[in-house]
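Visitor: What follows is the file final.pdb, containing PDB, C-alpha atoms and all ligand atoms:
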MODEL        1
ATOM      1  CA  MET A  71      10.824  20.439  -5.739  1.00  0.00           C
ATOM      2  CA  SER A  72      10.055  21.404  -2.185  1.00  0.00           C
ATOM      3  CA  GLU A  73      13.272  21.376  -0.273  1.00  0.00           C
ATOM      4  CA  ILE A  74      16.951  21.590  -0.996  1.00  0.00           C
ATOM      5  CA  SER A  75      19.042  19.552   1.395  1.00  0.00           C
ATOM      6  CA  PHE A  76      22.447  17.973   1.535  1.00  0.00           C
ATOM      7  CA  LYS A  77      20.898  14.641   2.243  1.00  0.00           C
ATOM      8  CA  ARG A  78      20.534  12.339  -0.687  1.00  0.00           C
ATOM      9  CA  ASP A  79      16.979  12.537  -1.896  1.00  0.00           C
ATOM     10  CA  ALA A  80      15.793   9.401  -3.601  1.00  0.00           C
ATOM     11  CA  SER A  81      12.730  11.267  -4.870  1.00  0.00           C
ATOM     12  CA  PHE A  82      14.765  11.953  -7.973  1.00  0.00           C
ATOM     13  CA  ASP A  83      15.892   8.367  -8.358  1.00  0.00           C
ATOM     14  CA  LYS A  84      14.652   6.011 -11.025  1.00  0.00           C
ATOM     15  CA  CYS A  85      11.812   3.759 -10.062  1.00  0.00           C
ATOM     16  CA  PRO A  86      13.290   0.229  -9.783  1.00  0.00           C
ATOM     17  CA  SER A  87      10.140  -1.215 -11.249  1.00  0.00           C
ATOM     18  CA  CYS A  88       9.124   0.952 -14.209  1.00  0.00           C
ATOM     19  CA  LYS A  89      12.309   3.067 -14.544  1.00  0.00           C
ATOM     20  CA  ALA A  90      10.385   6.316 -14.424  1.00  0.00           C
ATOM     21  CA  VAL A  91      12.507   9.180 -13.154  1.00  0.00           C
ATOM     22  CA  GLY A  92      11.279  11.612 -10.515  1.00  0.00           C
ATOM     23  CA  LYS A  93       8.090   9.686  -9.803  1.00  0.00           C
ATOM     24  CA  LEU A  94       9.041   8.436  -6.359  1.00  0.00           C
ATOM     25  CA  ARG A  95       7.260   9.967  -3.430  1.00  0.00           C
ATOM     26  CA  ARG A  96       8.177   9.512   0.201  1.00  0.00           C
ATOM     27  CA  SER A  97       5.949   6.914   1.797  1.00  0.00           C
ATOM     28  CA  ARG A  98       4.840   6.773   5.399  1.00  0.00           C
ATOM     29  CA  ALA A  99       6.295   3.980   7.526  1.00  0.00           C
ATOM     30  CA  GLN A 100       3.741   1.190   7.782  1.00  0.00           C
ATOM     31  CA  SER A 101       5.234  -0.881  10.568  1.00  0.00           C
ATOM     32  CA  VAL A 102       7.367  -0.492  13.674  1.00  0.00           C
ATOM     33  CA  TYR A 103      10.299  -1.940  11.761  1.00  0.00           C
ATOM     34  CA  GLU A 104       9.934   0.668   9.035  1.00  0.00           C
ATOM     35  CA  GLN A 105       9.664   3.418  11.626  1.00  0.00           C
ATOM     36  CA  VAL A 106      12.893   2.266  13.264  1.00  0.00           C
ATOM     37  CA  VAL A 107      14.665   2.020   9.926  1.00  0.00           C
ATOM     38  CA  LYS A 108      13.514   5.517   9.056  1.00  0.00           C
ATOM     39  CA  LYS A 109      14.587   6.867  12.454  1.00  0.00           C
ATOM     40  CA  LEU A 110      18.044   5.394  12.016  1.00  0.00           C
ATOM     41  CA  GLY A 111      18.222   7.276   8.760  1.00  0.00           C
ATOM     42  CA  PHE A 112      19.473   4.412   6.621  1.00  0.00           C
ATOM     43  CA  PHE A 113      16.444   3.984   4.460  1.00  0.00           C
ATOM     44  CA  ASN A 114      13.437   5.899   3.406  1.00  0.00           C
ATOM     45  CA  TYR A 115      10.306   4.395   2.004  1.00  0.00           C
ATOM     46  CA  PHE A 116       9.029   5.471  -1.344  1.00  0.00           C
ATOM     47  CA  ARG A 117       6.125   4.850  -3.599  1.00  0.00           C
ATOM     48  CA  CYS A 118       6.093   5.266  -7.348  1.00  0.00           C
ATOM     49  CA  ARG A 119       3.304   7.457  -8.664  1.00  0.00           C
ATOM     50  CA  ASP A 120       3.413   5.730 -12.017  1.00  0.00           C
ATOM     51  CA  CYS A 121       3.315   2.006 -11.302  1.00  0.00           C
ATOM     52  CA  GLY A 122       2.561   1.889  -7.577  1.00  0.00           C
ATOM     53  CA  TRP A 123       5.869   0.276  -6.629  1.00  0.00           C
ATOM     54  CA  ARG A 124       6.681   0.698  -2.963  1.00  0.00           C
ATOM     55  CA  GLY A 125       9.960   0.002  -1.288  1.00  0.00           C
ATOM     56  CA  SER A 126      12.951   1.320   0.553  1.00  0.00           C
ATOM     57  CA  ARG A 127      15.775   3.312  -0.873  1.00  0.00           C
ATOM     58  CA  LEU A 128      19.067   4.165   0.761  1.00  0.00           C
ATOM     59  CA  SER A 129      18.673   7.595   2.264  1.00  0.00           C
ATOM     60  CA  PHE A 130      22.307   8.403   2.742  1.00  0.00           C
ATOM     61  CA  GLY A 131      24.732   8.903  -0.045  1.00  0.00           C
ATOM     62  CA  PHE A 132      28.347   9.817  -0.162  1.00  0.00           C
ATOM     63  CA  ASN A 133      27.627  13.436  -0.792  1.00  0.00           C
ATOM     64  CA  LYS A 134      30.083  16.193   0.023  1.00  0.00           C
ATOM     65  CA  ALA A 135      28.744  16.808   3.517  1.00  0.00           C
ATOM     66  CA  SER A 136      28.977  13.212   4.714  1.00  0.00           C
ATOM     67  CA  LEU A 137      32.296  12.652   2.961  1.00  0.00           C
ATOM     68  CA  LYS A 138      33.722  15.612   4.871  1.00  0.00           C
ATOM     69  CA  THR A 139      32.439  14.163   8.144  1.00  0.00           C
ATOM     70  CA  ILE A 140      34.003  10.790   7.348  1.00  0.00           C
ATOM     71  CA  LEU A 141      37.324  12.447   6.499  1.00  0.00           C
ATOM     72  CA  ILE A 142      37.261  14.446   9.745  1.00  0.00           C
ATOM     73  CA  TYR A 143      36.608  11.260  11.736  1.00  0.00           C
ATOM     74  CA  LEU A 144      39.401   9.429   9.923  1.00  0.00           C
ATOM     75  CA  PHE A 145      41.756  12.327  10.577  1.00  0.00           C
ATOM     76  CA  LEU A 146      40.852  12.389  14.273  1.00  0.00           C
ATOM     77  CA  MET A 147      41.314   8.629  14.549  1.00  0.00           C
ATOM     78  CA  LEU A 148      44.710   8.772  12.851  1.00  0.00           C
ATOM     79  CA  THR A 149      45.818  11.712  14.986  1.00  0.00           C
ATOM     80  CA  THR A 150      44.750   9.891  18.133  1.00  0.00           C
ATOM     81  CA  ALA A 151      46.576   6.754  17.021  1.00  0.00           C
ATOM     82  CA  VAL A 152      49.772   8.702  16.316  1.00  0.00           C
ATOM     83  CA  VAL A 153      49.594  10.542  19.639  1.00  0.00           C
ATOM     84  CA  VAL A 154      48.949   7.329  21.575  1.00  0.00           C
ATOM     85  CA  LYS A 155      51.830   5.603  19.808  1.00  0.00           C
ATOM     86  CA  PHE A 156      54.091   8.586  20.524  1.00  0.00           C
ATOM     87  CA  VAL A 157      53.149   8.620  24.206  1.00  0.00           C
ATOM     88  CA  LEU A 158      53.623   4.862  24.501  1.00  0.00           C
ATOM     89  CA  GLN A 159      57.077   5.110  22.939  1.00  0.00           C
ATOM     90  CA  LYS A 160      57.996   7.917  25.335  1.00  0.00           C
ATOM     91  CA  ILE A 161      56.904   5.784  28.264  1.00  0.00           C
ATOM     92  CA  ALA A 162      58.775   2.741  26.920  1.00  0.00           C
ATOM     93  CA  LEU A 163      61.994   4.720  26.489  1.00  0.00           C
ATOM     94  CA  LYS A 164      62.107   5.840  30.094  1.00  0.00           C
TER      95      LYS A 164
HETATM   96 ZN    ZN B 201       7.333   2.895 -11.103  1.00  0.00          ZN
ENDMDL
END
Please express the file's structure as structure tokens.
Guide:
Amino acid sequence: MSEISFKRDASFDKCPSCKAVGKLRRSRAQSVYEQVVKKLGFFNYFRCRDCGWRGSRLSFGFNKASLKTILIYLFLMLTTAVVVKFVLQKIALK
């Protein structure tokens, strides 16, 4: 337990191969593709300390922090849409 972050940490996920919990360790990217994927923040690579399984796990989850961001974006989009519609109607009425 090194760090506490709001980002989903798959280190505590079950291993897809042997179902061991908390055995996944972050793995270094082994190719350019993996580096890009990691940079984008969609996936992280993990290795199981029990069975040696290695693979990618989703690195973002719908935790509170990201959900809030999504809601704020939705709200902004809706507000913009309403304002644009309002302005367009005003222009059309003239
Ligand atoms: Zn395993």
Visitor: My list of candidates is A:Cys121, A:Leu110, A:Ala162, A:Leu137. Which is closest to ligand ZN 201 (chain B) when distances are computed with all atoms listed in the file?
Guide: A:Cys121
Visitor: Starting from the shown file, work through the PyMOL selection byres (((not hetatm)) within 7 of (chain B and resi 201)) and note down what comes out as a ChimeraX atom specification.
Guide: /A:85-90,93,118-123
Visitor: Could you dump the residues just selected with C-alpha atoms as a PDB file, in the coordinates of the input?
Guide:
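Heads up, here's the output in out.pdb:
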ATOM      1  CA  CYS A  85      11.812   3.759 -10.062  1.00  0.00           C
ATOM      2  CA  PRO A  86      13.290   0.229  -9.783  1.00  0.00           C
ATOM      3  CA  SER A  87      10.140  -1.215 -11.249  1.00  0.00           C
ATOM      4  CA  CYS A  88       9.124   0.952 -14.209  1.00  0.00           C
ATOM      5  CA  LYS A  89      12.309   3.067 -14.544  1.00  0.00           C
ATOM      6  CA  ALA A  90      10.385   6.316 -14.424  1.00  0.00           C
ATOM      7  CA  LYS A  93       8.090   9.686  -9.803  1.00  0.00           C
ATOM      8  CA  CYS A 118       6.093   5.266  -7.348  1.00  0.00           C
ATOM      9  CA  ARG A 119       3.304   7.457  -8.664  1.00  0.00           C
ATOM     10  CA  ASP A 120       3.413   5.730 -12.017  1.00  0.00           C
ATOM     11  CA  CYS A 121       3.315   2.006 -11.302  1.00  0.00           C
ATOM     12  CA  GLY A 122       2.561   1.889  -7.577  1.00  0.00           C
ATOM     13  CA  TRP A 123       5.869   0.276  -6.629  1.00  0.00           C
TER      14      TRP A 123
END
Visitor: Might you pull out every residue within 7 Å of Leu128 in chain A, with all atoms listed in the file counted and same-chain residues fewer than 2 positions away left off, and present them as a VMD selection string?
Guide: chain A and resid 112 to 114 126 130
Visitor: Those residues with C-alpha atoms, as a PDB file, in the frame of the given file please?
Guide:
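again_14.pdb was written with the following content:
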ATOM      1  CA  PHE A 112      19.473   4.412   6.621  1.00  0.00           C
ATOM      2  CA  PHE A 113      16.444   3.984   4.460  1.00  0.00           C
ATOM      3  CA  ASN A 114      13.437   5.899   3.406  1.00  0.00           C
ATOM      4  CA  SER A 126      12.951   1.320   0.553  1.00  0.00           C
ATOM      5  CA  PHE A 130      22.307   8.403   2.742  1.00  0.00           C
TER       6      PHE A 130
END
Visitor: What gap, in Å, lies between CA of Tyr143 in chain A and CA of Leu158 in chain A?
Guide: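 CA of Leu158 in chain A lies 22.2 Å from CA of Tyr143 in chain A.
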Visitor: Starting from the shown file, work through the PyMOL selection byres (((chain A and resi 115) around 8) and not hetatm) and note down what comes out as a list in words.
Guide: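 Selection result, ordered by chain and number: Arg96, Ser97, Arg98, Ala99, Glu104, Lys108, Phe113, Asn114, Phe116, Arg117, Arg124, Gly125, Ser126 and Arg127 of chain A.
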